[in-house]
>>> print(open('run.txt').read())   # compact mmCIF, C-alpha atoms
# COMPACT_ATOMS: atom_id res chain seq x y z
CA MET A 167 55.93 120.68 -26.75
CA GLN A 168 56.28 116.91 -26.61
CA ASN A 169 56.95 115.41 -23.16
CA VAL A 170 58.49 112.23 -21.82
CA THR A 171 57.34 110.56 -18.60
CA LEU A 172 60.07 109.73 -16.10
CA ASN A 173 60.09 106.57 -13.99
CA ASN A 174 58.35 108.32 -11.07
CA GLY A 175 55.60 109.81 -13.23
CA VAL A 176 57.11 113.30 -13.58
CA GLU A 177 56.58 114.87 -17.01
CA MET A 178 59.69 116.32 -18.67
CA PRO A 179 59.85 118.26 -21.96
CA ALA A 180 61.57 116.35 -24.75
CA LEU A 181 63.44 119.48 -25.81
CA GLY A 182 64.98 122.11 -23.58
CA PHE A 183 67.64 124.77 -23.36
CA GLY A 184 71.13 124.26 -21.94
CA VAL A 185 73.38 127.00 -20.58
CA TYR A 186 76.77 125.23 -20.49
CA GLN A 187 79.62 127.64 -21.33
CA ILE A 188 77.36 130.69 -21.44
CA PRO A 189 79.12 133.38 -19.37
CA PRO A 190 77.18 134.46 -16.26
CA GLU A 191 76.93 138.05 -17.51
CA GLN A 192 75.26 136.83 -20.71
CA THR A 193 73.10 134.09 -19.24
CA GLU A 194 70.14 136.11 -17.96
CA GLN A 195 69.45 137.73 -21.32
CA THR A 196 70.01 134.48 -23.18
CA VAL A 197 67.67 132.47 -20.95
CA SER A 198 65.05 135.23 -21.17
CA GLU A 199 65.17 134.95 -24.96
CA ALA A 200 64.94 131.16 -24.75
CA LEU A 201 61.86 131.37 -22.55
CA ALA A 202 60.31 133.89 -24.95
CA ALA A 203 60.99 131.43 -27.79
CA GLY A 204 58.97 128.77 -25.98
CA TYR A 205 61.51 126.68 -24.08
CA ARG A 206 60.29 125.44 -20.72
CA LEU A 207 63.09 123.03 -19.77
CA LEU A 208 66.20 124.83 -18.52
CA ASP A 209 69.41 122.91 -17.79
CA THR A 210 72.18 124.40 -15.65
CA ALA A 211 74.72 123.15 -13.07
CA ALA A 212 76.65 124.35 -10.06
CA SER A 213 79.86 123.98 -12.07
CA TYR A 214 78.58 126.28 -14.84
CA GLY A 215 78.67 129.29 -12.52
CA ASN A 216 75.47 130.79 -13.92
CA GLU A 217 72.66 129.49 -11.69
CA GLU A 218 71.96 132.97 -10.28
CA ALA A 219 71.49 134.41 -13.77
CA VAL A 220 69.16 131.54 -14.70
CA GLY A 221 67.15 132.27 -11.57
CA ARG A 222 66.85 135.97 -12.42
CA ALA A 223 65.60 135.15 -15.89
CA ILE A 224 62.98 132.79 -14.44
CA ARG A 225 61.75 135.41 -11.95
CA ASN A 226 61.59 138.15 -14.56
CA SER A 227 59.83 135.99 -17.14
CA GLY A 228 56.44 136.03 -15.44
CA ILE A 229 55.99 132.38 -16.43
CA PRO A 230 54.27 130.36 -13.68
CA ARG A 231 56.72 128.08 -11.89
CA GLU A 232 54.60 125.01 -12.60
CA GLU A 233 55.09 125.55 -16.34
CA LEU A 234 58.88 125.32 -16.04
CA PHE A 235 61.16 122.31 -15.68
CA VAL A 236 64.45 123.32 -14.05
CA THR A 237 67.47 121.04 -13.87
CA THR A 238 70.69 121.66 -12.00
CA LYS A 239 73.58 119.39 -11.05
CA LEU A 240 75.66 118.40 -8.06
CA TRP A 241 79.42 118.57 -8.48
CA VAL A 242 81.79 115.94 -7.05
CA GLN A 243 81.60 115.76 -3.25
CA ASP A 244 84.07 114.09 -0.89
CA ALA A 245 83.04 111.95 2.05
CA PRO A 246 81.22 112.53 4.25
CA ALA A 247 78.80 113.38 1.46
CA GLN A 248 75.70 113.93 3.60
CA ASP A 249 76.60 117.42 4.82
CA ASN A 250 78.50 118.37 1.67
CA THR A 251 75.73 117.32 -0.70
CA LEU A 252 73.01 119.02 1.28
CA ARG A 253 75.03 122.25 1.43
CA ALA A 254 75.67 122.07 -2.32
CA PHE A 255 71.98 121.54 -3.05
CA GLU A 256 70.92 124.40 -0.77
CA ALA A 257 73.48 126.68 -2.43
CA SER A 258 72.09 125.85 -5.88
CA LEU A 259 68.51 126.34 -4.73
CA ASN A 260 69.38 129.71 -3.20
CA LYS A 261 71.19 130.86 -6.33
CA LEU A 262 68.25 129.85 -8.48
CA GLY A 263 65.83 131.49 -6.05
CA LEU A 264 63.52 128.47 -6.13
CA ASP A 265 61.86 126.32 -3.48
CA HIS A 266 62.49 123.13 -5.49
CA VAL A 267 64.06 121.87 -8.68
CA ASP A 268 62.40 119.50 -11.10
CA LEU A 269 65.51 117.41 -11.68
CA TYR A 270 68.74 117.18 -9.68
CA LEU A 271 71.58 115.30 -11.35
CA MET A 272 74.84 113.93 -9.98
CA HIS A 273 77.17 115.57 -12.49
CA GLN A 274 80.05 113.07 -12.43
CA PRO A 275 80.36 109.43 -11.28
CA TYR A 276 83.13 110.25 -8.79
CA GLY A 277 83.65 111.14 -5.16
CA ASP A 278 81.40 109.61 -2.51
CA VAL A 279 78.84 108.49 -5.10
CA TYR A 280 76.68 106.43 -2.75
CA GLY A 281 76.70 109.03 0.00
CA GLN A 282 75.71 111.67 -2.53
CA TRP A 283 72.96 109.48 -3.98
CA ARG A 284 71.35 108.72 -0.64
CA VAL A 285 71.10 112.45 0.11
CA MET A 286 69.58 112.96 -3.33
CA GLU A 287 67.05 110.21 -2.61
CA ALA A 288 66.08 112.09 0.56
CA LEU A 289 65.70 115.32 -1.44
CA GLN A 290 63.24 113.56 -3.74
CA HIS A 291 61.31 112.10 -0.82
CA GLU A 292 61.03 115.60 0.67
CA GLY A 293 59.84 117.12 -2.61
CA LEU A 294 62.82 119.44 -2.89
CA ALA A 295 63.76 117.66 -6.10
CA LYS A 296 60.84 116.27 -8.10
CA ALA A 297 63.20 113.73 -9.66
CA VAL A 298 66.86 112.78 -9.27
CA GLY A 299 69.29 111.33 -11.77
CA VAL A 300 72.86 111.15 -12.92
CA ALA A 301 75.11 112.36 -15.71
CA ASN A 302 78.10 110.78 -17.41
CA PHE A 303 77.52 107.35 -15.88
CA TYR A 304 78.69 104.44 -18.01
CA PRO A 305 76.69 101.18 -17.98
CA ASP A 306 78.62 99.42 -15.22
CA ARG A 307 78.38 102.35 -12.82
CA LEU A 308 74.72 102.98 -13.62
CA VAL A 309 73.62 99.39 -13.04
CA ASP A 310 75.69 99.17 -9.84
CA LEU A 311 73.99 102.32 -8.53
CA ILE A 312 70.55 100.96 -9.44
CA VAL A 313 70.92 97.56 -7.80
CA ASN A 314 72.39 98.94 -4.56
CA ASN A 315 69.95 101.78 -3.87
CA GLU A 316 66.27 102.45 -3.37
CA ILE A 317 65.61 104.97 -6.15
CA THR A 318 66.54 104.27 -9.75
CA PRO A 319 67.89 107.39 -11.47
CA ALA A 320 65.17 109.02 -13.53
CA VAL A 321 67.65 110.39 -16.09
CA ASN A 322 71.20 109.77 -17.27
CA GLN A 323 72.57 112.76 -19.17
CA ILE A 324 75.39 111.57 -21.43
CA GLU A 325 77.27 112.54 -24.57
CA THR A 326 74.94 111.58 -27.42
CA HIS A 327 75.14 112.82 -31.02
CA PRO A 328 75.24 111.39 -34.56
CA PHE A 329 78.89 110.37 -34.19
CA PHE A 330 78.42 108.71 -30.77
CA GLN A 331 74.87 107.38 -30.75
CA ARG A 332 74.86 105.08 -27.68
CA GLY A 333 72.08 102.88 -29.05
CA GLU A 334 72.87 99.74 -27.05
CA TYR A 335 73.30 101.77 -23.88
CA GLN A 336 69.99 103.52 -24.49
CA GLU A 337 68.29 100.13 -24.69
CA LEU A 338 69.90 99.07 -21.38
CA MET A 339 68.66 102.29 -19.78
CA ARG A 340 65.18 101.68 -21.16
CA GLU A 341 65.17 98.21 -19.59
CA HIS A 342 65.94 99.80 -16.21
CA GLY A 343 63.51 102.71 -16.61
CA VAL A 344 66.17 105.41 -17.01
CA GLN A 345 65.53 108.26 -19.46
CA ILE A 346 68.48 109.08 -21.72
CA GLN A 347 69.28 112.77 -22.15
CA SER A 348 71.84 114.15 -24.56
CA TRP A 349 74.59 116.62 -23.88
CA GLY A 350 76.68 117.72 -26.85
CA GLY A 351 73.89 116.89 -29.27
CA PHE A 352 75.59 118.91 -32.01
CA ALA A 353 79.01 117.44 -31.12
CA GLU A 354 80.07 121.09 -30.73
CA GLY A 355 80.42 121.12 -34.51
CA LYS A 356 83.19 118.52 -34.49
CA ASN A 357 83.69 116.15 -37.43
CA GLY A 358 82.13 118.82 -39.64
CA LEU A 359 78.67 118.06 -38.30
CA PHE A 360 77.00 121.16 -39.72
CA THR A 361 78.27 120.42 -43.24
CA ASN A 362 77.95 116.64 -43.09
CA PRO A 363 76.62 115.42 -46.47
CA VAL A 364 74.18 112.90 -45.00
CA LEU A 365 72.66 115.36 -42.55
CA SER A 366 72.65 118.17 -45.14
CA GLU A 367 70.87 115.99 -47.71
CA ILE A 368 68.22 114.94 -45.22
CA GLY A 369 67.76 118.57 -44.19
CA ALA A 370 67.25 119.59 -47.83
CA GLU A 371 64.63 116.86 -48.22
CA HIS A 372 62.58 118.49 -45.45
CA GLY A 373 63.53 122.13 -45.92
CA LYS A 374 65.25 122.04 -42.52
CA SER A 375 68.72 122.83 -41.22
CA VAL A 376 71.26 120.25 -40.11
CA ALA A 377 70.67 121.34 -36.50
CA GLN A 378 66.94 120.70 -36.86
CA VAL A 379 67.61 117.28 -38.38
CA VAL A 380 69.87 116.32 -35.48
CA LEU A 381 67.34 117.45 -32.88
CA ARG A 382 64.51 115.67 -34.67
CA TRP A 383 66.67 112.51 -34.84
CA LEU A 384 67.29 112.66 -31.09
CA ILE A 385 63.63 113.24 -30.26
CA GLN A 386 62.45 110.41 -32.52
CA ARG A 387 64.90 108.10 -30.76
CA GLY A 388 63.36 109.09 -27.42
CA VAL A 389 66.38 111.14 -26.36
CA VAL A 390 65.77 114.39 -24.46
CA ALA A 391 67.84 117.18 -26.02
CA ILE A 392 69.08 120.48 -24.53
CA PRO A 393 70.66 122.53 -27.35
CA LYS A 394 72.43 125.75 -26.47
CA SER A 395 72.66 128.96 -28.46
CA VAL A 396 73.17 132.61 -27.61
CA ARG A 397 71.38 133.73 -30.78
CA ALA A 398 67.63 134.25 -30.67
CA ASP A 399 67.20 133.17 -34.30
CA ARG A 400 68.96 129.87 -33.63
CA MET A 401 66.87 129.31 -30.50
CA ALA A 402 63.72 129.72 -32.59
CA GLU A 403 65.10 127.39 -35.26
CA ASN A 404 66.07 124.70 -32.76
CA ILE A 405 62.63 124.53 -31.15
CA ASP A 406 60.91 124.34 -34.55
CA VAL A 407 61.29 120.57 -34.94
CA PHE A 408 57.82 119.25 -34.21
CA ASP A 409 56.31 119.83 -37.66
CA PHE A 410 58.20 117.10 -39.52
CA ALA A 411 59.39 113.53 -39.03
CA LEU A 412 62.34 111.59 -40.34
CA THR A 413 61.59 108.43 -42.29
CA ASP A 414 62.93 105.03 -41.30
CA GLU A 415 65.31 105.26 -44.27
CA GLN A 416 66.60 108.64 -43.11
CA MET A 417 67.06 107.37 -39.57
CA ALA A 418 69.04 104.44 -41.00
CA ARG A 419 71.27 106.80 -42.98
CA ILE A 420 72.06 108.77 -39.83
CA ALA A 421 72.84 105.50 -38.03
CA THR A 422 75.76 104.96 -40.42
CA LEU A 423 77.51 108.03 -38.96
CA ASP A 424 78.09 106.38 -35.60
CA THR A 425 81.79 105.91 -34.76
CA GLY A 426 81.10 104.35 -31.37
CA SER A 427 83.62 106.64 -29.70
CA THR A 428 83.54 109.83 -27.65
CA LEU A 429 84.59 113.09 -29.27
CA PHE A 430 85.30 114.72 -25.93
CA PHE A 431 86.64 112.62 -23.04
CA ASP A 432 86.43 109.10 -21.76
CA HIS A 433 85.20 108.74 -18.18
CA HIS A 434 87.14 105.48 -17.96
CA ASP A 435 90.45 107.25 -18.67
CA PRO A 436 92.43 107.45 -15.37
CA GLU A 437 93.78 110.90 -16.25
CA ILE A 438 90.27 112.23 -16.90
CA VAL A 439 89.01 110.62 -13.70
CA SER A 440 91.81 112.29 -11.71
CA TRP A 441 91.27 115.68 -13.36
CA LEU A 442 87.50 115.74 -12.83
CA ALA A 443 87.62 114.35 -9.31
CA LYS A 444 90.14 116.96 -8.22
CA ARG A 445 88.19 119.94 -9.53
CA ARG A 446 86.53 121.80 -6.71
CA LEU A 447 84.00 124.59 -6.86
CA THR A 448 84.85 127.73 -4.93
>>> encode(input="run.txt", output="structure tokens")
Amino acid sequence: MQNVTLNNGVEMPALGFGVYQIPPEQTEQTVSEALAAGYRLLDTAASYGNEEAVGRAIRNSGIPREELFVTTKLWVQDAPAQDNTLRAFEASLNKLGLDHVDLYLMHQPYGDVYGQWRVMEALQHEGLAKAVGVANFYPDRLVDLIVNNEITPAVNQIETHPFFQRGEYQELMREHGVQIQSWGGFAEGKNGLFTNPVLSEIGAEHGKSVAQVVLRWLIQRGVVAIPKSVRADRMAENIDVFDFALTDEQMARIATLDTGSTLFFDHHDPEIVSWLAKRRLT
């Protein structure tokens, strides 16, 4: 497995397994199959409702803890964030059954962001989170967080796929030492991704599927990917992307697919901001 090095020296796999929208009752078996297929980066979140099942799969796998990279995420917390954030982190740690996580992300750029971040900084200092980062932060919010706090986020997990490539933003993150990570790498099949002529032609040139082409494209761009599947054959296919490379010409062809717009939701939209900020975990 290829790794990336985060801004505090922590090594993170370039390809992992995400569990978004996998029902809790299906998650343990699915994660067990992913681990058996060779995945060592697992990405969950408090808001996914399946941290306990991820934890069971980890315990039952027999894989040494030091070989795994576990990410979970903090949901929106109101002020005062200190107590709320610490309680949320402890709840996630207990559900996972772990004594630390490798990466703790602020899931949304809302609520008491600075109060939440300062607690997360303390968690990193204490070794309870090996690294801390954010998700869904747009450039203005990310830079503001960086310049007004001690620790620069190690990761920003954002929507990134062939139709929304975020190239300029990735370069800004690189300048600040922030690792870009993709959610929605397959665009959830929107815009006919899996039958796209450009991606299909490139796949045929390598004897690979469209999914493998997309993952290879992300990895070659330096983007950490966390594809999800509940099928063992697809899990095996998705991790089998380290035996080929896309040419510069193929990368340029994929670049033409960029629309520059989200396919899901805009975090600058006031209605989206209100909807996300008002969601509370029970």
>>> residues_around(input="run.txt", residues="Phe330 (chain A)", least_positions_apart="4", cutoff="8 Å", atoms="all atoms listed in the file", output="PyMOL selection string")
chain A and resi 325-326+424-429
>>> residues_around(input="run.txt", residues="Lys239 (chain A)", least_positions_apart="5", cutoff="8 Å", atoms="only C-alpha atoms", output="JSON, numbers by chain")
{"A": [210, 211, 212, 213, 270, 271, 272, 273]}
>>> write_last_selection(input="run.txt", atoms="C-alpha atoms", output="short mmCIF file (atom, residue, chain, number, x, y, z; two decimals), keeping the file's coordinate frame")
data_model
loop_
_atom_site.label_atom_id
_atom_site.label_comp_id
_atom_site.auth_asym_id
_atom_site.auth_seq_id
_atom_site.Cartn_x
_atom_site.Cartn_y
_atom_site.Cartn_z
CA THR A 210 72.18 124.40 -15.65
CA ALA A 211 74.72 123.15 -13.07
CA ALA A 212 76.65 124.35 -10.06
CA SER A 213 79.86 123.98 -12.07
CA TYR A 270 68.74 117.18 -9.68
CA LEU A 271 71.58 115.30 -11.35
CA MET A 272 74.84 113.93 -9.98
CA HIS A 273 77.17 115.57 -12.49
#
>>> residues_around(input="run.txt", residues="Phe430 (chain A)", least_positions_apart="2", cutoff="12 Å", atoms="only C-alpha atoms", output="list in words")
Asn302, Ile324, Glu325, Thr326, His327, Phe329, Phe330, Trp349, Gly350, Ala353, Glu354, Gly355, Lys356, Asn357, Ser427, Thr428, Asp432, His433, Asp435 and Ile438 of chain A
>>> closest_residue(input="run.txt", among="A:Gln168, A:Ser366, A:Asn314, A:Thr196", to="Ile224 (chain A)", atoms="all atoms listed in the file")
A:Thr196
>>> atom_distance(input="run.txt", atom1="CA of Glu256 (chain A)", atom2="CA of Asn216 (chain A)")
15.3 Å
>>> residues_around(input="run.txt", residues="region 379-383 of chain A", least_positions_apart="5", cutoff="9 Å", atoms="only C-alpha atoms", output="list in words")
Leu181, His327, Pro328, Gly351, Phe352, Leu365, Ser366, Ile368, Gly369, His372, Lys374, Gly388, Val389, Ala391, Pro393, Asn404, Ile405, Val407, Phe408, Phe410, Ala411, Leu412, Met417 and Ile420 of chain A
>>> residues_around(input="run.txt", residues="Arg400 (chain A)", least_positions_apart="4", cutoff="12 Å", atoms="all atoms listed in the file", output="ChimeraX atom specification")
/A:183,196,199-200,203,375-378,393-396,404-406
